[in-house]
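**Q** Okay, here's the structure, questions in a sec.
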Amino acid sequence: MSGPNVTFYERVEDALHNAQLQTALDISTTRFIDGRNRALATLPDAEAVRDHARRIRAHTIAQLDRYLAQFADAVEERGGQVYWAATAEEATRYVTDLTRMRGVKSVVKSKSMVSEEVEVNQVLEANGVQVVETDLGEFIAQLAQEKPSHIIAPVIHKTRQDVAELFRTKLNATQADLADVPNMTALARRTLRQQFLQADMGLSGVNFAVAETGSLCLVTNEGNGRLTTTVPPIHVALMGMERLVPTMADLGVMLQLLSRSATGQQLSVYTNIITGPRRTADSAAEPDGPTELHVVIIDNGRSRILGSELAEILYCIRCGACLNACPVYRKIGGHAYGSVYPGPVGSVVTPGLFGIEAWSELPHASSLCGACREVCPVRIDLPRMLLKLRDEGTRAGKAPGWLKLGLLMYRLAAVRPWLFHLGGSIGGWVMNLLARDGWMNRLPGPLAAWTDYRDFPALAPKSFSQRWRKERGG
Amino acid sequence: MEREQFLNKIRTNLGPALLPEANPEHPGPFQGPLPADASNHDLVQKFKQELEALSGHVHLPGNHAEAVRMVLEISRSHGAQRILAWDEAYLGLPGIATALDEAGVAIEGGHIPASGESRPARLGQLDGVLIGLTGAVGGLANTGALALINGVGRGRLASLLPPVQIALLPVQKLYPSLPAFLAANPEATEAASNLVFITGPSRTGDIEMTLTMGVHGPGEVYVIMIP
């Protein structure tokens, strides 16, 4: 498995040579996209819902300061606490300080991208706090000491034998525990249930926050999100500052799209809406739930994205549909991107949050075919922003050398029609010599890298301009 | 960081922000077509069909006495000696507490101490309970989802800790869709600290995309529609 110092192209090589990963990607991405299409078709007019959802997201981001203030007031009125974190460090320091003040020794977590982004696990563990991932896939990834590879399916790259081996070594699983997937799942349930019951704090993300009511909406299928936010006495929710909708009715619109786009479900199993901590007033004392609720609102580069031509990426509702639809993601999978945020959305978010200098390859990991924009529930124009980032990368001197050379040669020829035609004729002749049935499965020299994984179509024997002259002349 | 400082940074950056189709006015409610309202009979059938497709069980008793018998039968078939139940006032099935008691099934209230040493012990006791019994404030016909408000007398744990959930859903409380439920129940988020939509049994596909039930929440969900 790739280490942190491995380049993007090396990670891509790894992924393309991993047969198990290739099978998993084929099956999972196809299943998710088919499911998405079927689930959206159950709505009377899914296109109208998508248009409306886009208007809601655009409006919310345009009024983000106002809605964040309204949301924070609503949380505080209901007894919750709000912390404003400008950076990852501020966010993790707040959580760490809280664990110290409350004597927290163990934390249970439900899946959250932003917690990966700010690396809260690492910081808590460095401070002697035990952190347990409770989503089954994330739990497995944590046991394997790996990063999740897909927003929705964190360990699609592992076989059941891989998981059985992990459970054997890390959980002392018996042969019976590992007999089949339901037994392995039951073992995970028992193991994690004990963690829930003894945990001092639950740490979650937020799918949507509702400004008018101060509610947090968390969507899970397993129920770990509900256990995390119900059983421990303290609940801390980390949220990217853009995760807002203005009203409950707006939440209803988003929920019609989120699960359908993500997993092809009409609604996830648990759509959990939390409004303030457990109410403890004598007249209306609730029987369970955490007595403390902390909401950490995180910027960490988002305001920089907001002030740029990438602001539209903040409309994203984190469904993962653009990953499953992307022909590049479908071949290289999540780890190859090297970021918490993979796929087309990640190729915009990652350089946006952390700078183009370190992430200039990602915007090139796209064929610009537009499949991502087509499946995006809020119709984010991802290709536009990928192009913009390629431009920024070039301006930062990060364009790959071959790209510069190629473009230089093209420019030389393109402004000289005789040279362009000559090049085309020679190229066409050579290619057709090497091709079989119009396809080349082996290009010469450095171009061979292309044909390692795909065939290259030969140029047509007669060029367009040759045919044009003939048709017009004839 | 201070709140105003944080918000000011956003205000500064909203200036140059490129936000396609952003309008300063809220777009208002969704005007397009929603899943159509239908007769209660059709909503019941749709709800049943959707929930059964997700491996949930739906029962349609003819009267309260029959509903009580169904609850007893499910707990008997699972060999349950204890049941984690909401207060009877929130179950919408008068007499169920007495009937369970007479059948020798002990009812556990779900109260967890807010803090202190008795808290983990109490959680540990409840963790062994086989069945949770809840009411519901609504059902979403187009997705087969239950809507539960969790608050006073109706805790979250009854639909969460046990491996089996029985939900008593008033048959008149079926809505065609989630937006219809939210429109008809504007107080749902203010009535208590938790509103949850439950769509069938807990499930995961994380290991080789193999569908498995009951990974964290209940692996079996029974809905009994109360006439």
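FYI, nothing fancy with the structure tokens labels: chains A, B, ... in order, residues from 1 per chain, ligands from 1 as they appear.
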Within 9 Å of stretch 182-187 of chain B, counting only C-alpha atoms, which residues show up once you throw out same-chain ones fewer than 3 positions away? Write them as a list in words, please.

**A**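 The residues satisfying every condition are Met248, Ala249 and Gly252 of chain A; Tyr175, Ser177, Leu178, Pro179, Glu190 and Ala191 of chain B.
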
**Q** For A:Val104, list every protein, DNA or RNA residue within 10 Å, evaluated using only C-alpha atoms, and leave out those in the same chain fewer than 6 positions away; present the list as a ChimeraX atom specification.

**A** /A:96-98,128-130,199-201,234

**Q** Can I get the selection written as a PDB file, in the first residue's frame, with N, CA and C atoms?

**A**
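Generated file (selection-v7.pdb):
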```
ATOM      1  N   THR A  96      -9.826  18.564  22.066  1.00  0.00           N
ATOM      2  CA  THR A  96      -8.854  18.019  23.027  1.00  0.00           C
ATOM      3  C   THR A  96      -9.009  18.683  24.392  1.00  0.00           C
ATOM      4  N   ASP A  97      -9.166  20.016  24.385  1.00  0.00           N
ATOM      5  CA  ASP A  97      -9.357  20.713  25.664  1.00  0.00           C
ATOM      6  C   ASP A  97     -10.596  20.198  26.379  1.00  0.00           C
ATOM      7  N   LEU A  98     -11.644  19.958  25.603  1.00  0.00           N
ATOM      8  CA  LEU A  98     -12.888  19.464  26.191  1.00  0.00           C
ATOM      9  C   LEU A  98     -12.686  18.079  26.818  1.00  0.00           C
ATOM     10  N   GLY A 128      -3.554  10.886  24.378  1.00  0.00           N
ATOM     11  CA  GLY A 128      -3.885   9.764  25.252  1.00  0.00           C
ATOM     12  C   GLY A 128      -5.363   9.411  25.304  1.00  0.00           C
ATOM     13  N   VAL A 129      -6.152   9.907  24.353  1.00  0.00           N
ATOM     14  CA  VAL A 129      -7.575   9.566  24.316  1.00  0.00           C
ATOM     15  C   VAL A 129      -7.781   8.473  23.270  1.00  0.00           C
ATOM     16  N   GLN A 130      -8.539   7.431  23.642  1.00  0.00           N
ATOM     17  CA  GLN A 130      -8.811   6.358  22.698  1.00  0.00           C
ATOM     18  C   GLN A 130      -9.957   6.772  21.773  1.00  0.00           C
ATOM     19  N   ALA A 199     -18.163   4.642  26.364  1.00  0.00           N
ATOM     20  CA  ALA A 199     -17.556   5.870  25.845  1.00  0.00           C
ATOM     21  C   ALA A 199     -17.971   7.098  26.655  1.00  0.00           C
ATOM     22  N   ASP A 200     -17.033   8.038  26.777  1.00  0.00           N
ATOM     23  CA  ASP A 200     -17.311   9.274  27.502  1.00  0.00           C
ATOM     24  C   ASP A 200     -17.786  10.381  26.568  1.00  0.00           C
ATOM     25  N   MET A 201     -17.544  10.202  25.267  1.00  0.00           N
ATOM     26  CA  MET A 201     -17.886  11.257  24.317  1.00  0.00           C
ATOM     27  C   MET A 201     -18.187  10.633  22.965  1.00  0.00           C
ATOM     28  N   ILE A 234     -21.629  13.157  26.316  1.00  0.00           N
ATOM     29  CA  ILE A 234     -21.246  14.379  25.587  1.00  0.00           C
ATOM     30  C   ILE A 234     -21.263  14.079  24.088  1.00  0.00           C
TER      31      ILE A 234
END
```

**Q** Write out as an mmCIF file with C-alpha atoms, in the first residue's frame the residues lying within 6 Å of B:Met213, counting only C-alpha atoms and excluding same-chain residues fewer than 3 positions away.

**A**
```
data_model
loop_
_atom_site.group_PDB
_atom_site.id
_atom_site.type_symbol
_atom_site.label_atom_id
_atom_site.label_comp_id
_atom_site.auth_asym_id
_atom_site.auth_seq_id
_atom_site.Cartn_x
_atom_site.Cartn_y
_atom_site.Cartn_z
ATOM 1 C CA SER B 202 -30.159 -1.405 10.389
ATOM 2 C CA ARG B 203 -28.027 -2.455 7.427
ATOM 3 C CA GLY B 219 -31.921 -6.098 12.671
#
```

**Q** Going by DSSP on the backbone, which residues of stretch 83-330 of chain A come out as helix (DSSP H, G or I)? List them as number ranges by chain.

**A** A: 88-102, 113-118, 120-126, 136-143, 160-171, 181-198, 224-228, 248-262, 282-284, 302-306, 311-315, 321-325, 329-330

**Q** Using only C-alpha atoms, which residues sit within 8 Å of A:Val345 once same-chain residues fewer than 5 positions away are excluded, as a PyMOL selection string?

**A** chain A and resi 313+322-323+382

**Q** With distances taken over only C-alpha atoms, which of B:Ala97, B:Ile166, B:Val196, B:Ala121 is nearest to chain A?

**A**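 Looking only at the distances to chain A, the closest residue turns out to be B:Val196.
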
**Q** Set the distance at 12 Å and use only C-alpha atoms: which residues neighbour A:Thr291 once local chain neighbours fewer than 4 positions away are removed? I'd like the list as a list of chain:residue names.

**A** A:Arg78, A:Gly79, A:Gly80, A:Gln81, A:Asp200, A:Met201, A:Gly202, A:Thr229, A:Thr230, A:Val231, A:Pro232, A:Pro233, A:Ile234, A:His235, A:Val236, A:Gly276, A:Pro277, A:Arg278, A:Arg279, A:Thr280, A:Ala281, A:Ala285, A:Glu286, A:Pro287, B:Ile112, B:Pro113, B:Ala114, B:Ser115, B:Ser193

**Q** Please determine, counting only C-alpha atoms, which residue among A:Ala321, A:Ala371, A:Ile356, A:Met184 has the shortest atom-to-atom distance to A:Asp391.

**A**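 For A:Asp391, the nearest of the candidates is A:Ile356.
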
**Q** Could you name the residues that touch stretch 431-433 of chain A at 8 Å or less, counting only C-alpha atoms, but leaving out those on the same chain fewer than 4 positions away, as a ChimeraX atom specification?

**A** /A:427,438,440,458-459,461

**Q** Please save C-alpha atoms of the selected residues as a PDB file, in the first residue's frame.

**A**
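Writing done, so here's selection22.pdb:
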```pdb
ATOM      1  CA  GLY A 427       0.973  10.555 -38.433  1.00  0.00           C
ATOM      2  CA  GLY A 438      -8.201   0.944 -36.488  1.00  0.00           C
ATOM      3  CA  MET A 440      -3.244   0.656 -31.692  1.00  0.00           C
ATOM      4  CA  ALA A 458      -5.601   5.434 -35.144  1.00  0.00           C
ATOM      5  CA  LEU A 459      -6.204   8.548 -37.216  1.00  0.00           C
ATOM      6  CA  PRO A 461      -6.770   7.167 -43.319  1.00  0.00           C
TER       7      PRO A 461
END
```

**Q** Counting only C-alpha atoms, figure out which residue out of A:Val269, A:Leu244, A:Val295, A:Leu419 gets nearest to A:Leu68.

**A** A:Leu244

**Q** Which residues are near A:Leu197? Cut-off 8 Å, only C-alpha atoms, ignore same chain within fewer than 3 positions. Put them as a list of chain:residue names.

**A** A:Arg193, A:Gln194, A:Val231, A:Pro232, B:Pro120, B:Leu123, B:Gly124

**Q** Next, write the just-selected residues to a file, as an mmCIF file, in the first residue's frame, keeping N, CA and C atoms as the atom set.

**A**
```
data_model
loop_
_atom_site.group_PDB
_atom_site.id
_atom_site.type_symbol
_atom_site.label_atom_id
_atom_site.label_comp_id
_atom_site.auth_asym_id
_atom_site.auth_seq_id
_atom_site.Cartn_x
_atom_site.Cartn_y
_atom_site.Cartn_z
ATOM 1 N N ARG A 193 -20.431 -2.391 20.416
ATOM 2 C CA ARG A 193 -21.461 -2.066 21.408
ATOM 3 C C ARG A 193 -20.822 -1.785 22.765
ATOM 4 N N GLN A 194 -19.832 -2.601 23.135
ATOM 5 C CA GLN A 194 -19.138 -2.357 24.402
ATOM 6 C C GLN A 194 -18.455 -0.994 24.394
ATOM 7 N N VAL A 231 -25.788 7.685 23.185
ATOM 8 C CA VAL A 231 -25.356 6.929 24.367
ATOM 9 C C VAL A 231 -24.337 7.694 25.234
ATOM 10 N N PRO A 232 -23.254 8.236 24.667
ATOM 11 C CA PRO A 232 -22.289 8.930 25.544
ATOM 12 C C PRO A 232 -22.880 10.231 26.112
ATOM 13 N N PRO B 120 -23.335 3.950 33.472
ATOM 14 C CA PRO B 120 -22.912 2.807 32.662
ATOM 15 C C PRO B 120 -23.584 1.504 33.085
ATOM 16 N N LEU B 123 -27.003 1.422 31.492
ATOM 17 C CA LEU B 123 -26.867 1.152 30.061
ATOM 18 C C LEU B 123 -26.590 -0.335 29.826
ATOM 19 N N GLY B 124 -25.718 -0.895 30.660
ATOM 20 C CA GLY B 124 -25.380 -2.305 30.537
ATOM 21 C C GLY B 124 -26.596 -3.194 30.728
#
```

**Q** At what distance in Å, to one decimal, does atom CA of A:Gln266 lie from atom CA of B:Glu50?

**A**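 Atom-to-atom, atom CA of B:Glu50 to atom CA of A:Gln266, that is 9.8 Å.
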
**Q** Step one, run DSSP on the backbone; step two, keep only residues of stretch 25-154 of chain B assigned to strand (DSSP E); then write them as a list in words.

**A**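 The residues of stretch 25-154 of chain B classed as strand (DSSP E) are His57, Val58, His59, Arg82, Ile83, Leu84, Ala85, Ala106, Ile107, Glu108, Ile131, Gly132, Leu133, Thr134, Gly138, Gly139, Leu140, Ala145, Leu146, Ala147, Leu148, Ile149 and Asn150 of chain B.
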
**Q** Please produce an output containing C-alpha atoms for each residue in the selection, written as an mmCIF file, in the first residue's frame.

**A**
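Dumped to again18.cif:
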```
data_model
loop_
_atom_site.group_PDB
_atom_site.id
_atom_site.type_symbol
_atom_site.label_atom_id
_atom_site.label_comp_id
_atom_site.auth_asym_id
_atom_site.auth_seq_id
_atom_site.Cartn_x
_atom_site.Cartn_y
_atom_site.Cartn_z
ATOM 1 C CA HIS B 57 -42.557 -6.656 8.676
ATOM 2 C CA VAL B 58 -45.921 -4.904 8.513
ATOM 3 C CA HIS B 59 -49.045 -6.115 10.316
ATOM 4 C CA ARG B 82 -37.989 -8.017 29.087
ATOM 5 C CA ILE B 83 -39.084 -5.284 26.736
ATOM 6 C CA LEU B 84 -37.691 -1.743 26.514
ATOM 7 C CA ALA B 85 -40.824 0.331 26.040
ATOM 8 C CA ALA B 106 -41.144 -7.201 32.264
ATOM 9 C CA ILE B 107 -41.278 -3.639 30.968
ATOM 10 C CA GLU B 108 -38.078 -1.618 31.264
ATOM 11 C CA ILE B 131 -37.152 -6.085 22.097
ATOM 12 C CA GLY B 132 -37.847 -2.361 21.965
ATOM 13 C CA LEU B 133 -41.458 -1.159 21.797
ATOM 14 C CA THR B 134 -42.185 2.313 20.454
ATOM 15 C CA GLY B 138 -46.057 9.149 11.307
ATOM 16 C CA GLY B 139 -45.210 6.878 8.436
ATOM 17 C CA LEU B 140 -43.882 7.912 5.010
ATOM 18 C CA ALA B 145 -40.118 5.069 6.804
ATOM 19 C CA LEU B 146 -41.319 5.604 10.377
ATOM 20 C CA ALA B 147 -41.157 9.038 11.998
ATOM 21 C CA LEU B 148 -40.397 8.982 15.737
ATOM 22 C CA ILE B 149 -40.182 11.947 18.056
ATOM 23 C CA ASN B 150 -37.878 10.960 20.930
#
```

**Q** What does the structure give for the distance between atom CA of A:Thr451 and atom CA of A:Ile332, in Å to one decimal?

**A**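 Between atom CA of A:Thr451 and atom CA of A:Ile332 the gap works out to 16.0 Å.
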
**Q** Name the closest residue to A:Thr228 among the candidates B:Arg122, B:His111, B:Arg156, B:Lys173; distances are taken between atoms, counting only C-alpha atoms.

**A**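 Among the listed residues, B:Arg156 lies closest to A:Thr228.
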